file coords04.cif (mmCIF, C-alpha atoms)
data_run
#
loop_
_atom_site.label_atom_id
_atom_site.label_comp_id
_atom_site.auth_asym_id
_atom_site.auth_seq_id
_atom_site.Cartn_x
_atom_site.Cartn_y
_atom_site.Cartn_z
CA MET A 1 3.42 6.38 25.03
CA PRO A 2 1.73 5.20 21.82
CA ARG A 3 -1.09 7.33 20.47
CA PHE A 4 -4.47 5.61 20.48
CA SER A 5 -6.69 6.31 17.50
CA ILE A 6 -9.58 4.71 15.65
CA GLY A 7 -9.02 4.72 11.90
CA LEU A 8 -11.54 5.27 9.13
CA ARG A 9 -11.37 1.66 7.97
CA THR A 10 -12.29 0.50 11.46
CA LEU A 11 -15.35 2.76 11.48
CA LYS A 12 -16.29 1.66 7.95
CA THR A 13 -16.05 -1.98 9.00
CA VAL A 14 -18.37 -1.37 11.95
CA ALA A 15 -20.84 0.46 9.70
CA ALA A 16 -20.75 -2.35 7.12
CA VAL A 17 -21.32 -5.04 9.75
CA LEU A 18 -24.24 -3.20 11.39
CA ALA A 19 -25.88 -2.41 8.04
CA ALA A 20 -25.55 -6.03 6.88
CA MET A 21 -27.02 -7.31 10.16
CA VAL A 22 -29.98 -4.92 9.86
CA ILE A 23 -30.70 -6.15 6.33
CA VAL A 24 -30.42 -9.81 7.34
CA ASP A 25 -32.64 -9.18 10.36
CA ALA A 26 -35.39 -7.98 8.04
CA TYR A 27 -36.03 -11.54 6.81
CA GLY A 28 -35.59 -13.35 10.10
CA ALA A 29 -32.20 -13.21 11.71
CA THR A 30 -30.57 -16.23 13.29
CA ALA A 31 -27.12 -16.54 14.80
CA SER A 32 -25.88 -18.35 11.69
CA LYS A 33 -27.27 -15.71 9.30
CA LEU A 34 -25.76 -12.86 11.29
CA ILE A 35 -22.36 -14.56 11.47
CA PHE A 36 -22.11 -15.06 7.71
CA ALA A 37 -23.36 -11.55 6.97
CA MET A 38 -20.80 -10.18 9.42
CA LEU A 39 -17.96 -12.24 7.87
CA GLY A 40 -18.87 -11.01 4.40
CA ALA A 41 -19.07 -7.37 5.47
CA MET A 42 -15.74 -7.49 7.29
CA ALA A 43 -14.01 -9.24 4.41
CA ALA A 44 -15.12 -6.63 1.87
CA VAL A 45 -13.68 -3.64 3.74
CA GLN A 46 -10.09 -3.80 2.46
CA PRO A 47 -7.51 -1.07 1.82
CA THR A 48 -7.99 -1.12 -1.96
CA PHE A 49 -10.76 -1.82 -4.43
CA LYS A 50 -8.76 -4.72 -5.90
CA ALA A 51 -8.24 -6.25 -2.46
CA SER A 52 -11.97 -5.93 -1.73
CA LEU A 53 -12.86 -7.75 -4.94
CA GLU A 54 -10.38 -10.52 -4.14
CA ALA A 55 -11.86 -10.84 -0.63
CA CYS A 56 -15.38 -11.10 -2.09
CA ILE A 57 -14.28 -13.83 -4.49
CA ALA A 58 -12.54 -15.68 -1.65
CA GLN A 59 -15.69 -15.57 0.48
CA ILE A 60 -18.02 -16.74 -2.30
CA VAL A 61 -15.63 -19.53 -3.34
CA GLY A 62 -15.27 -20.60 0.28
CA VAL A 63 -19.00 -20.67 1.01
CA VAL A 64 -19.88 -22.52 -2.22
CA PHE A 65 -17.02 -24.98 -1.78
CA GLY A 66 -17.89 -25.69 1.84
CA ALA A 67 -21.59 -25.99 1.11
CA LEU A 68 -21.07 -28.49 -1.70
CA ALA A 69 -18.66 -30.55 0.40
CA GLY A 70 -21.09 -30.53 3.33
CA VAL A 71 -24.02 -31.67 1.18
CA VAL A 72 -22.01 -34.58 -0.25
CA LEU A 73 -20.63 -35.68 3.12
CA LEU A 74 -23.98 -35.52 4.87
CA ALA A 75 -25.36 -38.03 2.38
CA LEU A 76 -22.66 -40.57 3.29
CA PRO A 77 -23.12 -43.10 6.10
CA GLY A 78 -21.08 -42.67 9.30
CA SER A 79 -20.88 -40.44 12.34
CA PRO A 80 -20.86 -36.62 12.07
CA LEU A 81 -17.33 -36.44 13.50
CA ILE A 82 -15.95 -38.80 10.88
CA ALA A 83 -17.75 -36.86 8.14
CA THR A 84 -16.36 -33.60 9.52
CA GLY A 85 -12.79 -34.94 9.54
CA ILE A 86 -13.10 -36.28 6.02
CA GLY A 87 -14.62 -33.00 4.88
CA ILE A 88 -11.82 -30.84 6.28
CA VAL A 89 -9.17 -33.10 4.74
CA LEU A 90 -11.05 -32.97 1.43
CA VAL A 91 -11.35 -29.17 1.47
CA ILE A 92 -7.70 -28.52 2.31
CA THR A 93 -6.47 -31.11 -0.20
CA LEU A 94 -8.59 -29.75 -3.04
CA TYR A 95 -7.57 -26.17 -2.26
CA ASN A 96 -3.93 -27.23 -2.52
CA LEU A 97 -4.41 -29.33 -5.67
CA LEU A 98 -6.37 -26.60 -7.44
CA HIS A 99 -3.96 -23.91 -6.20
CA ILE A 100 -6.84 -21.84 -4.85
CA PRO A 101 -5.08 -18.77 -3.38
CA TYR A 102 -7.47 -18.38 -0.44
CA SER A 103 -7.66 -19.74 3.08
CA PRO A 104 -9.66 -23.01 3.45
CA SER A 105 -10.86 -21.97 6.92
CA LEU A 106 -14.28 -20.71 5.78
CA PRO A 107 -15.30 -23.81 3.77
CA SER A 108 -14.01 -25.99 6.62
CA PHE A 109 -16.17 -23.98 9.03
CA ILE A 110 -19.23 -24.58 6.84
CA VAL A 111 -18.45 -28.31 6.61
CA VAL A 112 -18.37 -28.48 10.42
CA LEU A 113 -21.70 -26.65 10.72
CA ILE A 114 -23.48 -28.83 8.16
CA CYS A 115 -22.06 -32.15 9.38
CA THR A 116 -22.61 -31.55 13.10
CA THR A 117 -26.01 -29.85 13.08
CA PRO A 118 -28.84 -32.38 13.49
CA ASP A 119 -31.96 -32.21 11.29
CA ILE A 120 -30.37 -29.69 8.95
CA GLN A 121 -31.59 -29.24 5.40
CA PRO A 122 -28.19 -29.05 3.71
CA ILE A 123 -29.24 -27.60 0.35
CA SER A 124 -31.50 -24.86 1.71
CA TYR A 125 -29.02 -24.14 4.47
CA SER A 126 -26.17 -23.82 1.97
CA LEU A 127 -28.16 -21.51 -0.30
CA GLY A 128 -29.10 -19.41 2.70
CA ARG A 129 -25.50 -19.03 3.78
CA ILE A 130 -24.47 -18.01 0.27
CA TRP A 131 -27.21 -15.38 0.31
CA ASP A 132 -26.24 -14.09 3.77
CA THR A 133 -22.59 -13.85 2.78
CA ALA A 134 -23.49 -12.07 -0.47
CA ILE A 135 -25.48 -9.47 1.49
CA GLY A 136 -22.53 -8.80 3.76
CA LEU A 137 -20.13 -8.59 0.84
CA GLY A 138 -22.40 -6.26 -1.12
CA VAL A 139 -22.91 -3.91 1.82
CA GLY A 140 -19.21 -3.93 2.62
CA MET A 141 -18.24 -3.16 -0.99
CA VAL A 142 -20.70 -0.26 -1.24
CA ILE A 143 -19.57 1.32 2.03
CA ASN A 144 -15.88 0.74 1.31
CA THR A 145 -16.09 2.15 -2.21
CA LEU A 146 -18.35 5.16 -1.69
CA ILE A 147 -17.76 6.29 1.91
CA PHE A 148 -14.25 7.73 2.41
CA PRO A 149 -12.58 5.25 0.03
CA TYR A 150 -9.02 4.39 0.97
CA ASP A 151 -6.63 6.91 -0.51
CA ASN A 152 -2.96 6.84 0.51
CA SER A 153 -2.00 10.07 -1.26
CA ARG A 154 -0.93 11.57 2.05
CA GLN A 155 1.48 8.71 2.79
CA ILE A 156 3.05 9.02 -0.68
CA CYS A 157 3.47 12.78 -0.33
CA ALA A 158 4.99 12.33 3.13
CA THR A 159 7.47 9.79 1.75
CA VAL A 160 8.54 12.20 -1.00
CA GLU A 161 9.00 14.98 1.56
CA SER A 162 11.07 12.63 3.75
CA LEU A 163 13.19 11.81 0.71
CA ASP A 164 13.96 15.50 0.29
CA GLY A 165 15.08 15.80 3.90
CA GLU A 166 17.27 12.71 3.53
CA LEU A 167 18.78 14.15 0.35
CA LEU A 168 19.85 17.36 2.09
CA ARG A 169 21.39 15.38 4.95
CA PHE A 170 23.24 13.27 2.37
CA LEU A 171 24.71 16.34 0.68
CA GLU A 172 25.67 17.92 4.01
CA ASP A 173 27.50 14.71 4.92
CA MET A 174 29.08 14.58 1.48
CA PHE A 175 30.55 18.10 1.81
CA ASP A 176 31.27 18.29 5.53
CA GLY A 177 35.02 18.50 4.99
CA ASP A 178 36.03 14.95 6.02
CA ASP A 179 36.94 11.92 3.92
CA HIS A 180 33.92 9.83 4.94
CA LEU A 181 31.34 9.47 2.18
CA PRO A 182 27.68 8.73 3.04
CA ASP A 183 25.61 5.89 1.62
CA VAL A 184 22.20 5.96 -0.01
CA ASP A 185 20.66 2.91 1.65
CA GLU A 186 18.06 4.93 3.56
CA MET A 187 16.88 6.71 0.42
CA THR A 188 16.69 3.41 -1.44
CA ARG A 189 14.49 2.01 1.33
CA MET A 190 12.24 5.07 1.14
CA ILE A 191 11.85 4.72 -2.62
CA ASP A 192 10.96 1.05 -2.25
CA LYS A 193 8.38 2.06 0.35
CA MET A 194 6.98 4.65 -2.06
CA ALA A 195 6.78 1.99 -4.79
CA GLY A 196 4.67 -0.16 -2.45
CA GLN A 197 2.40 2.78 -1.69
CA LEU A 198 2.03 3.46 -5.42
CA LYS A 199 0.97 -0.15 -5.94
CA LEU A 200 -1.76 0.33 -3.33
CA PHE A 201 -2.81 3.61 -4.92
CA SER A 202 -3.06 2.09 -8.39
CA ASP A 203 -5.08 -0.87 -7.06
CA GLN A 204 -7.71 1.49 -5.67
CA ARG A 205 -10.68 2.79 -7.63
CA LEU A 206 -11.91 6.15 -6.39
CA LEU A 207 -15.23 5.92 -8.21
CA LEU A 208 -16.21 9.50 -7.45
CA HIS A 209 -12.73 10.87 -8.25
CA LEU A 210 -11.40 8.72 -11.08
CA ARG A 211 -10.06 11.68 -13.06
CA ARG A 212 -8.23 13.12 -10.03
CA GLN A 213 -6.87 9.70 -9.11
CA GLN A 214 -5.44 9.17 -12.60
CA HIS A 215 -3.86 12.63 -12.52
CA ASP A 216 -2.31 12.03 -9.09
CA LEU A 217 -1.09 8.56 -10.08
CA GLU A 218 0.78 9.99 -13.05
CA ILE A 219 2.39 12.60 -10.80
CA PHE A 220 3.39 10.05 -8.16
CA ARG A 221 4.93 7.78 -10.78
CA LEU A 222 6.85 10.78 -12.11
CA CYS A 223 8.04 11.44 -8.54
CA GLU A 224 9.19 7.85 -8.17
CA GLY A 225 11.13 8.06 -11.44
CA LYS A 226 12.80 11.31 -10.40
CA ALA A 227 13.65 9.83 -6.99
CA ARG A 228 15.32 6.80 -8.58
CA GLU A 229 17.32 9.11 -10.88
CA LEU A 230 18.40 11.03 -7.79
CA VAL A 231 19.66 7.88 -6.11
CA ALA A 232 21.54 6.89 -9.26
CA GLN A 233 23.35 10.25 -9.28
CA MET A 234 24.10 9.98 -5.56
CA GLU A 235 25.50 6.47 -5.99
CA VAL A 236 27.95 7.80 -8.57
CA LEU A 237 29.21 10.36 -6.03
CA CYS A 238 29.49 7.65 -3.37
CA ARG A 239 31.65 5.49 -5.65
CA MET A 240 34.19 8.25 -5.97
CA ARG A 241 37.20 7.92 -3.66
CA GLN A 242 36.88 11.59 -2.83
CA VAL A 243 34.74 14.49 -3.96
CA GLY A 244 35.89 17.60 -5.71
CA ARG A 245 35.33 21.20 -4.73
CA LEU A 246 31.91 22.79 -5.14
CA SER A 247 31.36 25.53 -7.66
CA ASP A 248 29.90 28.82 -6.46
CA GLU A 249 26.63 28.03 -8.24
CA ASN A 250 26.16 24.63 -6.61
CA ARG A 251 27.23 26.00 -3.23
CA ARG A 252 24.59 28.74 -3.60
CA ARG A 253 21.87 26.28 -4.61
CA LEU A 254 22.63 24.02 -1.67
CA ARG A 255 22.56 26.86 0.84
CA GLU A 256 19.29 28.16 -0.60
CA CYS A 257 17.82 24.71 0.15
CA GLY A 258 18.91 25.02 3.77
CA ALA A 259 21.88 22.67 3.59
CA THR A 260 24.89 23.44 5.78
CA ILE A 261 28.08 23.08 3.72
CA ARG A 262 31.26 22.92 5.81
CA ASP A 263 33.63 22.22 2.92
CA GLU A 264 35.04 25.70 2.26
CA ARG A 265 37.77 24.74 -0.23
CA PRO A 266 37.96 27.50 -2.85
CA LEU A 267 37.55 26.49 -6.47
CA GLU A 268 40.60 28.01 -8.15
CA LEU A 269 42.35 25.74 -10.65
CA LEU A 270 39.60 23.46 -12.01
CA THR A 271 40.36 19.73 -12.02
CA GLU A 272 38.61 16.79 -13.62
CA LEU A 273 37.41 15.68 -10.17
CA ASP A 274 35.82 19.09 -9.62
CA VAL A 275 34.04 18.94 -12.98
CA VAL A 276 32.63 15.45 -12.34
CA THR A 277 31.55 16.34 -8.81
CA ASN A 278 29.78 19.54 -9.80
CA TYR A 279 28.07 17.87 -12.75
CA HIS A 280 26.45 15.25 -10.52
CA VAL A 281 25.62 17.74 -7.76
CA GLY A 282 23.99 19.97 -10.37
CA GLN A 283 21.98 17.02 -11.70
CA ILE A 284 20.88 16.15 -8.16
CA MET A 285 19.73 19.70 -7.44
CA THR A 286 17.83 19.89 -10.73
CA LEU A 287 16.12 16.55 -10.11
CA ARG A 288 15.25 17.64 -6.58
CA GLN A 289 13.62 20.81 -7.91
CA GLU A 290 11.65 18.83 -10.51
CA LEU A 291 10.58 16.32 -7.85
CA LEU A 292 9.27 19.03 -5.51
CA GLU A 293 7.54 20.85 -8.38
CA ALA A 294 5.76 17.64 -9.38
CA LEU A 295 4.70 17.00 -5.79
CA GLY A 296 3.44 20.57 -5.52
CA SER A 297 0.93 19.92 -8.30
CA VAL A 298 -0.98 17.58 -5.95
CA PRO A 299 -3.37 19.94 -4.11
CA ALA A 300 -2.89 19.65 -0.34
CA GLU A 301 -6.62 20.06 0.28
CA GLU A 302 -7.33 16.90 -1.72
CA ARG A 303 -5.11 14.74 0.46
CA PRO A 304 -7.39 12.57 2.61
CA PRO A 305 -7.12 11.72 6.30
CA ASP A 306 -5.20 8.60 7.30
CA GLU A 307 -6.82 5.17 7.33
CA GLY A 308 -6.56 2.82 10.26
#
call {"tool": "encode", "arguments": {"input": "coords04.cif", "output": "structure tokens"}}
result
Amino acid sequence: MPRFSIGLRTLKTVAAVLAAMVIVDAYGATASKLIFAMLGAMAAVQPTFKASLEACIAQIVGVVFGALAGVVLLALPGSPLIATGIGIVLVITLYNLLHIPYSPSLPSFIVVLICTTPDIQPISYSLGRIWDTAIGLGVGMVINTLIFPYDNSRQICATVESLDGELLRFLEDMFDGDDHLPDVDEMTRMIDKMAGQLKLFSDQRLLLHLRRQQHDLEIFRLCEGKARELVAQMEVLCRMRQVGRLSDENRRRLRECGATIRDERPLELLTELDVVTNYHVGQIMTLRQELLEALGSVPAEERPPDEG
């Protein structure tokens, strides 16, 4: 049964919407004012600071674009429905021609409101909607940036810890005494996932913790680099037709990590295959230790709760 939970971003969105509606209500709330303030507040509460800025730009561009189109179309002769249809075609076409990377739904919505509302004052109405949207965006940005800002440090740390578990399973499978060699696809997928999480982390701006964020970002990037080096070493082992015998030192290091090694072949007369195998296993164990040491420098108490 799936676990039901309400995430922080959901609560922040509710807080942003209610605060924006209270502010708009102070100068005479109408349904239209509240809707645009709500849309602005919801748009601004994004997972990262960069995404919030992009959402704000998209909202302002959409409102201005739709307002200008509505004002022009309302001045033309013809029925409101015809003006609305022309306006939507115009908005979508211009968005495509100008390669505007935002949805044309908001400006189309404004065109419909202006063209189909009788006795509307298009210029004052348009300016009002820009103002209402700006209030919502401003409130949403403040709440999203200052109140429990999104921080996916926990997810990155969990991915690194999962990588370590996958590494030990890989080595157990590698030295389980049979001729089947494991693959590293799962670890590659985990590293790609970590790279995506790092992108999110770098796009955020923890205004009250910029120094800590920069420190953690450097550590996480170091972890990603070590993880990719690990995979490269493991891929070399996987390309070998068979693996050599483990040295006593590597066998000891693996067992100290909790790995179960079933390959009990004694290392007597050293072969080239044994040397190559133990070199790469030694590199893997050293990189693993460096990876865990780097992760350990991120204080656990600074890792935030999950967003939703």
call {"tool": "closest_residue", "arguments": {"input": "coords04.cif", "among": "A:Asn152, A:Leu269, A:Leu90, A:Ser297", "to": "A:Thr48", "atoms": "all atoms listed in the file"}}
result
A:Asn152
call {"tool": "residues_around", "arguments": {"input": "coords04.cif", "residues": "A:Leu230", "least_positions_apart": "4", "cutoff": "12 Å", "atoms": "only C-alpha atoms", "output": "PDB file with C-alpha atoms, in the frame of the given file"}}
result
ATOM      1  CA  LEU A 163      13.190  11.810   0.710  1.00  0.00           C
ATOM      2  CA  ASP A 164      13.960  15.500   0.290  1.00  0.00           C
ATOM      3  CA  GLU A 166      17.270  12.710   3.530  1.00  0.00           C
ATOM      4  CA  LEU A 167      18.780  14.150   0.350  1.00  0.00           C
ATOM      5  CA  LEU A 168      19.850  17.360   2.090  1.00  0.00           C
ATOM      6  CA  PHE A 170      23.240  13.270   2.370  1.00  0.00           C
ATOM      7  CA  LEU A 171      24.710  16.340   0.680  1.00  0.00           C
ATOM      8  CA  VAL A 184      22.200   5.960  -0.010  1.00  0.00           C
ATOM      9  CA  MET A 187      16.880   6.710   0.420  1.00  0.00           C
ATOM     10  CA  THR A 188      16.690   3.410  -1.440  1.00  0.00           C
ATOM     11  CA  ILE A 191      11.850   4.720  -2.620  1.00  0.00           C
ATOM     12  CA  CYS A 223       8.040  11.440  -8.540  1.00  0.00           C
ATOM     13  CA  GLU A 224       9.190   7.850  -8.170  1.00  0.00           C
ATOM     14  CA  GLY A 225      11.130   8.060 -11.440  1.00  0.00           C
ATOM     15  CA  LYS A 226      12.800  11.310 -10.400  1.00  0.00           C
ATOM     16  CA  MET A 234      24.100   9.980  -5.560  1.00  0.00           C
ATOM     17  CA  GLU A 235      25.500   6.470  -5.990  1.00  0.00           C
ATOM     18  CA  VAL A 236      27.950   7.800  -8.570  1.00  0.00           C
ATOM     19  CA  LEU A 237      29.210  10.360  -6.030  1.00  0.00           C
ATOM     20  CA  HIS A 280      26.450  15.250 -10.520  1.00  0.00           C
ATOM     21  CA  VAL A 281      25.620  17.740  -7.760  1.00  0.00           C
ATOM     22  CA  GLY A 282      23.990  19.970 -10.370  1.00  0.00           C
ATOM     23  CA  GLN A 283      21.980  17.020 -11.700  1.00  0.00           C
ATOM     24  CA  ILE A 284      20.880  16.150  -8.160  1.00  0.00           C
ATOM     25  CA  MET A 285      19.730  19.700  -7.440  1.00  0.00           C
ATOM     26  CA  THR A 286      17.830  19.890 -10.730  1.00  0.00           C
ATOM     27  CA  LEU A 287      16.120  16.550 -10.110  1.00  0.00           C
ATOM     28  CA  ARG A 288      15.250  17.640  -6.580  1.00  0.00           C
ATOM     29  CA  GLN A 289      13.620  20.810  -7.910  1.00  0.00           C
ATOM     30  CA  GLU A 290      11.650  18.830 -10.510  1.00  0.00           C
ATOM     31  CA  LEU A 291      10.580  16.320  -7.850  1.00  0.00           C
TER      32      LEU A 291
END
call {"tool": "residues_around", "arguments": {"input": "coords04.cif", "residues": "stretch 59-62 of chain A", "least_positions_apart": "4", "cutoff": "8 Å", "atoms": "only C-alpha atoms", "output": "mmCIF file with C-alpha atoms, in the coordinates of the input"}}
result
data_model
loop_
_atom_site.group_PDB
_atom_site.id
_atom_site.type_symbol
_atom_site.label_atom_id
_atom_site.label_comp_id
_atom_site.auth_asym_id
_atom_site.auth_seq_id
_atom_site.Cartn_x
_atom_site.Cartn_y
_atom_site.Cartn_z
ATOM 1 C CA GLY A 40 -18.870 -11.010 4.400
ATOM 2 C CA ALA A 43 -14.010 -9.240 4.410
ATOM 3 C CA ALA A 55 -11.860 -10.840 -0.630
ATOM 4 C CA GLY A 66 -17.890 -25.690 1.840
ATOM 5 C CA PRO A 104 -9.660 -23.010 3.450
ATOM 6 C CA LEU A 106 -14.280 -20.710 5.780
ATOM 7 C CA PRO A 107 -15.300 -23.810 3.770
ATOM 8 C CA ILE A 130 -24.470 -18.010 0.270
ATOM 9 C CA THR A 133 -22.590 -13.850 2.780
ATOM 10 C CA ALA A 134 -23.490 -12.070 -0.470
#
call {"tool": "resolve_selection", "arguments": {"input": "coords04.cif", "expression": "the PyMOL selection byres ((chain A and resi 197) around 12)", "output": "VMD selection string"}}
result
chain A and resid 47 to 48 150 to 160 190 to 196 198 to 204 217 220 to 221 224
call {"tool": "atom_distance", "arguments": {"input": "coords04.cif", "atom1": "atom CA of A:Ile110", "atom2": "atom CA of A:Ala67"}}
result
6.4 Å
call {"tool": "resolve_selection", "arguments": {"input": "coords04.cif", "expression": "the PyMOL selection byres ((chain A and resi 120-123) around 8)", "output": "list in words"}}
result
Ala67, Gly70, Val71, Leu74, Ile114, Thr117, Pro118, Asp119, Ser124, Tyr125, Ser126 and Leu127 of chain A
call {"tool": "resolve_selection", "arguments": {"input": "coords04.cif", "expression": "the PyMOL selection byres ((chain A and resi 84) around 10)", "output": "list in words"}}
result
Ala69, Gly70, Leu73, Leu74, Ser79, Pro80, Leu81, Ile82, Ala83, Gly85, Ile86, Gly87, Ile88, Val89, Leu90, Ser108, Phe109, Ile110, Val111, Val112, Leu113, Ile114, Cys115 and Thr116 of chain A
call {"tool": "decode", "arguments": {"input": "coords04.cif", "residues": "stretch 1-26 of chain A", "atoms": "N, CA and C atoms", "output": "mmCIF file, in the first residue's frame"}}
result
data_model
loop_
_atom_site.group_PDB
_atom_site.id
_atom_site.type_symbol
_atom_site.label_atom_id
_atom_site.label_comp_id
_atom_site.auth_asym_id
_atom_site.auth_seq_id
_atom_site.Cartn_x
_atom_site.Cartn_y
_atom_site.Cartn_z
ATOM 1 N N MET A 1 0.845 -1.194 0.000
ATOM 2 C CA MET A 1 0.000 0.000 0.000
ATOM 3 C C MET A 1 0.882 1.246 0.000
ATOM 4 N N PRO A 2 0.675 2.161 -0.958
ATOM 5 C CA PRO A 2 1.536 3.344 -1.032
ATOM 6 C C PRO A 2 1.379 4.240 0.181
ATOM 7 N N ARG A 3 2.486 4.849 0.588
ATOM 8 C CA ARG A 3 2.470 5.737 1.742
ATOM 9 C C ARG A 3 2.000 7.126 1.321
ATOM 10 N N PHE A 4 1.004 7.646 2.038
ATOM 11 C CA PHE A 4 0.478 8.974 1.730
ATOM 12 C C PHE A 4 1.209 10.013 2.557
ATOM 13 N N SER A 5 1.703 11.032 1.902
ATOM 14 C CA SER A 5 2.396 12.102 2.621
ATOM 15 C C SER A 5 2.214 13.415 1.884
ATOM 16 N N ILE A 6 2.265 14.488 2.636
ATOM 17 C CA ILE A 6 2.179 15.837 2.070
ATOM 18 C C ILE A 6 3.562 16.459 2.154
ATOM 19 N N GLY A 7 4.148 16.770 1.000
ATOM 20 C CA GLY A 7 5.507 17.287 0.968
ATOM 21 C C GLY A 7 5.596 18.761 1.312
ATOM 22 N N LEU A 8 6.834 19.197 1.551
ATOM 23 C CA LEU A 8 7.080 20.598 1.906
ATOM 24 C C LEU A 8 6.679 21.544 0.785
ATOM 25 N N ARG A 9 6.947 21.151 -0.461
ATOM 26 C CA ARG A 9 6.625 22.048 -1.572
ATOM 27 C C ARG A 9 5.118 22.243 -1.695
ATOM 28 N N THR A 10 4.351 21.202 -1.371
ATOM 29 C CA THR A 10 2.897 21.344 -1.377
ATOM 30 C C THR A 10 2.455 22.365 -0.340
ATOM 31 N N LEU A 11 3.018 22.263 0.860
ATOM 32 C CA LEU A 11 2.654 23.206 1.927
ATOM 33 C C LEU A 11 3.112 24.626 1.577
ATOM 34 N N LYS A 12 4.303 24.743 0.971
ATOM 35 C CA LYS A 12 4.781 26.073 0.574
ATOM 36 C C LYS A 12 3.884 26.677 -0.506
ATOM 37 N N THR A 13 3.401 25.844 -1.403
ATOM 38 C CA THR A 13 2.503 26.340 -2.455
ATOM 39 C C THR A 13 1.212 26.866 -1.852
ATOM 40 N N VAL A 14 0.657 26.123 -0.909
ATOM 41 C CA VAL A 14 -0.570 26.572 -0.232
ATOM 42 C C VAL A 14 -0.327 27.890 0.490
ATOM 43 N N ALA A 15 0.805 27.985 1.197
ATOM 44 C CA ALA A 15 1.115 29.218 1.923
ATOM 45 C C ALA A 15 1.276 30.391 0.961
ATOM 46 N N ALA A 16 1.943 30.162 -0.180
ATOM 47 C CA ALA A 16 2.138 31.236 -1.160
ATOM 48 C C ALA A 16 0.809 31.697 -1.746
ATOM 49 N N VAL A 17 -0.069 30.754 -2.067
ATOM 50 C CA VAL A 17 -1.371 31.102 -2.641
ATOM 51 C C VAL A 17 -2.202 31.905 -1.645
ATOM 52 N N LEU A 18 -2.270 31.445 -0.394
ATOM 53 C CA LEU A 18 -3.078 32.146 0.614
ATOM 54 C C LEU A 18 -2.524 33.536 0.894
ATOM 55 N N ALA A 19 -1.182 33.646 0.978
ATOM 56 C CA ALA A 19 -0.589 34.966 1.248
ATOM 57 C C ALA A 19 -0.849 35.920 0.088
ATOM 58 N N ALA A 20 -0.735 35.441 -1.150
ATOM 59 C CA ALA A 20 -0.992 36.287 -2.314
ATOM 60 C C ALA A 20 -2.450 36.726 -2.352
ATOM 61 N N MET A 21 -3.368 35.834 -2.019
ATOM 62 C CA MET A 21 -4.796 36.175 -2.022
ATOM 63 C C MET A 21 -5.121 37.204 -0.948
ATOM 64 N N VAL A 22 -4.469 37.089 0.216
ATOM 65 C CA VAL A 22 -4.682 38.079 1.281
ATOM 66 C C VAL A 22 -4.208 39.457 0.838
ATOM 67 N N ILE A 23 -3.053 39.512 0.175
ATOM 68 C CA ILE A 23 -2.530 40.802 -0.291
ATOM 69 C C ILE A 23 -3.450 41.402 -1.357
ATOM 70 N N VAL A 24 -3.876 40.583 -2.314
ATOM 71 C CA VAL A 24 -4.766 41.069 -3.366
ATOM 72 C C VAL A 24 -6.098 41.534 -2.783
ATOM 73 N N ASP A 25 -6.569 40.818 -1.771
ATOM 74 C CA ASP A 25 -7.852 41.172 -1.147
ATOM 75 C C ASP A 25 -7.802 42.548 -0.492
ATOM 76 N N ALA A 26 -6.598 42.980 -0.126
ATOM 77 C CA ALA A 26 -6.473 44.266 0.566
ATOM 78 C C ALA A 26 -6.863 45.440 -0.326
#
